[in-house]
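S.K.: The structure follows.
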Amino acid sequence: MKAVVMAGGTGSRLRPLTIGRPKPLIPIVNKPVLAHLRTLLQRHNISTAVLTLQYLAGMVEDYFSSVSNDTVEIRYSVESVPLGTAGSVKNAESFLDDTFLVLSGDALTDINLTELLAFHRANGALATVALYRVSNPLDYGVITTDEHGRILNLHEKPGWGDVLSDTVNTGIYVLEPELLNGIESGQAVDFSKDVFPRLLRQGAPIFGHICSGYWCDVGNLPEYQRANFDMLNGKVSLGPLGHRLSANIITSGEVEIAPDATLIGPIFLGEGVKLKGGVLVQGPCVIRDNSVIDNGAQIIRGIIMRNCYVGEGAEVRGAILGRQVSIKRKAILYEGAVVGDRSVVGEGSVVYQDVKIWPEKQIEAGAVVKNSVIWASHGRRSLFGRYGVTGLVNVDITPEFAARLGAAFGAVFPRGSNVTINRDPHRSPRMIKRAIIAGLPSAGANAIDLRSVPIPVARYYTRVSDAVGGVHVRLSPYDNRVVDIRFFDGEGLNLNRQVEREIERTFFREDFRRVYLDEVGTISNASEVTEKYIQDFLKHIKLDQIRSAGVQVVVDYANAPTALVLPSILNELNCNVVGLDARTDENKMAILPEELDNSLRQLASITRAVGAKLGVRLDVGGEKVFIVDEQGRIIPGLTVCALLMILALRANGGGVVAVPSHAPRAFDDLAAQNNGQIRRIRHDQMTMMQTGLQEDILLAADDVGNATFPHFHPSIDGLMTTAKLIEYIVTQDISLGALQDSLPTWFVGQVKVSCPWDRKGKVMRRMSELPEAIPGSLTEGLRLEKGGEWVLAIPDADDPTILIIGESNNPENLERMLKRYSSLATELAANP
């Protein structure tokens, strides 16, 4: 006797457990579903099982090749594309020459197959369907029969108004091989939807037999949990699960249980499980091979797969852990939470009810995770990062999330306050912006829509209007799946950390201010946004001198809203402009690094070919610039910073310029040579712009093309950077190439070192104990100096990394030095 076991499903409703694992191989207590089915087949003297495979077929074959069984021969029928239940059996037709069984590979059952076969033969049936009575038939195919068991009709997944019975199709059939003659090969065909209804219409003998015993369709996570617990409670008769340590404690091998551990069955413990001191395990509960439950942890109604670690004092309450999951100390997982394979839930984190964490994710220490983590690399306990509030669109950043965020931001300000809001041209920021606009008035704030303008224009308008804050929504230039929501204060600058925390508190507590109907804020469009910006812009450059020069420049607008503003400015300056990518294109808001490189090479080639004095590409937000000199050379960001510093000091007869804390020592000499001095600041946009508020600052610039000219406004502004470079070239009668060639050579490099969040402090402390460490000497990080060389170690605020930046007198020494300190940091991070 042969059986066909349909085992090709993807198990989408069981995700994240079935990501990287076929559904029939998910374990039920002590072994996979398919292994339990093989036990059932063996009990009823089935000699051959033909497994129909499609999704991750190789893993199923590998499993059975490693597990010996002389009683049931396993054969395989692999589909290149899904063929449906009947189509997959048709695909295995070459193996079938007599009456055969069909079973679903994702069902746990102990029904009497011998009895089912006897019923089939006694009635001379062409097909017999195993039926089972359930309390809720809505998710199954409901079948009605006459008094002899002949099927009268089938109703697939009915509504309550169509339910005529509680008897459902189990997906277990006894079939005669001639039934397959009416099925077309290579086509997707289903038994319950296609084959059986056709045969019933033809009057074929199709019977149903109500089976006793146990049956559970393990098709979703609640049913998966139920199947495990039913088996532990003895409701499934498929042989012993292992050795009984006591009436309700079963193990499959040697285990280690601390004397003061508390176990309340039923519980299954796999081989090599360790339960440390003070552990509480309350069943029904499954803890599979080699998992460690550390001191004081609690596992209540949990399912824990192989090689997991649950840290001290952690709690797993009704949750499911995949393989190699690490739950750090004091973390809590609530009912229905599922953590995918090889994920880490950080110390003190809380994973809420029904949250799904996809495989290989890192939940940072202390995070409160209320929504599923699918694509993001980690959850977070805070909203704000380096680029504002950031996440995958429609995954992390959804419209409902954005509406709540808008309400939280609006609640920071008094009722009736004006808040500007702006976006880039892409449809994702448009959607999220509209959701934020919906949230702001609910908290009593008026939303002033700037539509789509460059970020510097939005910041400027926020500063000069009566707005108390602003929002800009953009597609991340680094990943087109990600949206950044950036918030401004009334000066158009990034929010300080105190205000960010206030927003976070309101958001996470859901303590939103809901105003009365006559206090609901308004939504209106701002007028003359770019006109006001341009009018004031032109007052802060030497307009007449630039106009008389008629400078030729090449400008790449990056298909962004900058193309709606900067051309008007350059026209006022009487520049001869060769414009590139001047048409706004929502699909160009995020581009690959190689696309940017190609654009810069094109800019360099055209600048050199047309003899232009300057080539500029602005980023899509209009903040950052990439510069090309008249010789067609792309100027590195740190060199652009040096050039801007020198030119600004010369234009003003000296002064103070703010540069990054890791700028080369040569910057001090270059500033002094031009009657100026530098002020080293933290390497972030917030610090740059806050520094711009200081009265003595001429310019603040960094090493990636950001600059602010505070005499106009303190925000980073690539449009003003472009105009100022043109002004300096004209008024100082200088070429950028010649100035670049006059600069001294410096050797500065950097490397990132992976470091878990909970070890950053230890790594920095240990490095600060080195003899060459100079703690407190700069505004950020830890500086180490030795023999004229220096290194700056800076813990990253957003990622589990530490940035190592250094300067030396030659590239070989620089490489050696960076390698030394990065290796040291790696070693310290690896040792708890």
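Ordered as shown in the structure tokens, chains take letters A, B, and onward, while each chain numbers its residues from 1 and ligands are numbered from 1 in the order shown.
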Counting only C-alpha atoms, what is within 10 Å of A:Leu179, bar same-chain residues fewer than 3 positions away, as an MDAnalysis selection string?

M.R.: chainID A and resid 90 126:127 175:176 182:183 195:196 199 204

S.K.: Could you pull out all residues of stretch 16-136 of chain A with a DSSP call of helix (DSSP H, G or I) and give them as a ChimeraX atom specification?

M.R.: /A:23-25,33-43,57-65,84-91,93-95,113-122

S.K.: For the residues in the current selection, export C-alpha atoms as a compact mmCIF listing (two decimals), in the first residue's frame.

M.R.:
# COMPACT_ATOMS: atom_id res chain seq x y z
CA LYS A 23 6.20 23.76 6.83
CA PRO A 24 6.18 19.93 7.12
CA LEU A 25 9.51 20.09 8.99
CA VAL A 33 5.12 16.87 11.49
CA LEU A 34 6.28 14.62 8.63
CA ALA A 35 8.03 12.30 11.06
CA HIS A 36 4.82 11.93 13.06
CA LEU A 37 2.97 11.13 9.82
CA ARG A 38 5.52 8.46 8.98
CA THR A 39 4.85 6.88 12.38
CA LEU A 40 1.15 6.82 11.52
CA LEU A 41 1.83 5.22 8.11
CA GLN A 42 4.08 2.63 9.70
CA ARG A 43 1.35 1.72 12.22
CA ALA A 57 12.43 20.49 -1.28
CA GLY A 58 16.09 19.76 -0.62
CA MET A 59 15.67 20.25 3.12
CA VAL A 60 12.97 17.58 3.28
CA GLU A 61 15.12 15.14 1.31
CA ASP A 62 18.09 15.91 3.57
CA TYR A 63 16.03 15.25 6.69
CA PHE A 64 14.85 11.81 5.62
CA SER A 65 18.26 10.84 4.30
CA GLY A 84 -2.27 22.36 -6.17
CA THR A 85 -3.38 19.28 -4.26
CA ALA A 86 -4.62 17.26 -7.23
CA GLY A 87 -1.95 18.55 -9.59
CA SER A 88 0.82 17.47 -7.24
CA VAL A 89 -0.65 13.96 -6.89
CA LYS A 90 -1.00 13.77 -10.71
CA ASN A 91 2.69 14.70 -10.89
CA GLU A 93 1.22 9.30 -10.93
CA SER A 94 4.13 7.12 -12.09
CA PHE A 95 4.47 5.76 -8.54
CA LEU A 113 -6.24 4.68 8.28
CA THR A 114 -6.96 0.93 8.21
CA GLU A 115 -10.60 1.61 9.06
CA LEU A 116 -10.75 4.31 6.38
CA LEU A 117 -9.39 1.91 3.74
CA ALA A 118 -11.88 -0.76 4.71
CA PHE A 119 -14.79 1.71 4.39
CA HIS A 120 -13.52 2.77 0.94
CA ARG A 121 -13.35 -0.79 -0.33
CA ALA A 122 -16.67 -1.83 1.18

S.K.: Which residue out of A:Ile805, A:Met305, A:Cys211, A:Leu154 has the minimum interatomic distance to A:Lys193 when only C-alpha atoms are used?

M.R.: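 Among the listed residues, the smallest separation from A:Lys193 belongs to A:Leu154.
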
S.K.: Between atom CA of A:Arg427 and atom CA of A:Lys532, what is the distance, to one decimal in Å?

M.R.: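 Between atom CA of A:Arg427 and atom CA of A:Lys532 the gap works out to 26.8 Å.
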
S.K.: Fewer than 4 positions away in the same chain doesn't count, so skip those; otherwise give me all residues within 10 Å of A:Pro756, counting only C-alpha atoms, as a PyMOL selection string.

M.R.: chain A and resi 346+362+364-365+760-761+763+799-802+829-830+832

S.K.: Between A:Asp581, A:Ile734, A:Val656, A:Val189, single out the one closest to A:Leu614, counting only C-alpha atoms.

M.R.: A:Ile734

S.K.: Between atom CA of A:Ala227 and atom CA of A:Leu333, what is the spacing in Å?

M.R.: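 Computing it gives 20.8 Å between the two atoms.
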
S.K.: In Å, rounded to a single decimal, give me how far atom CA of A:Gly490 is from atom CA of A:Val620.

M.R.: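 So the two atoms, atom CA of A:Val620 and atom CA of A:Gly490, lie 23.3 Å apart.
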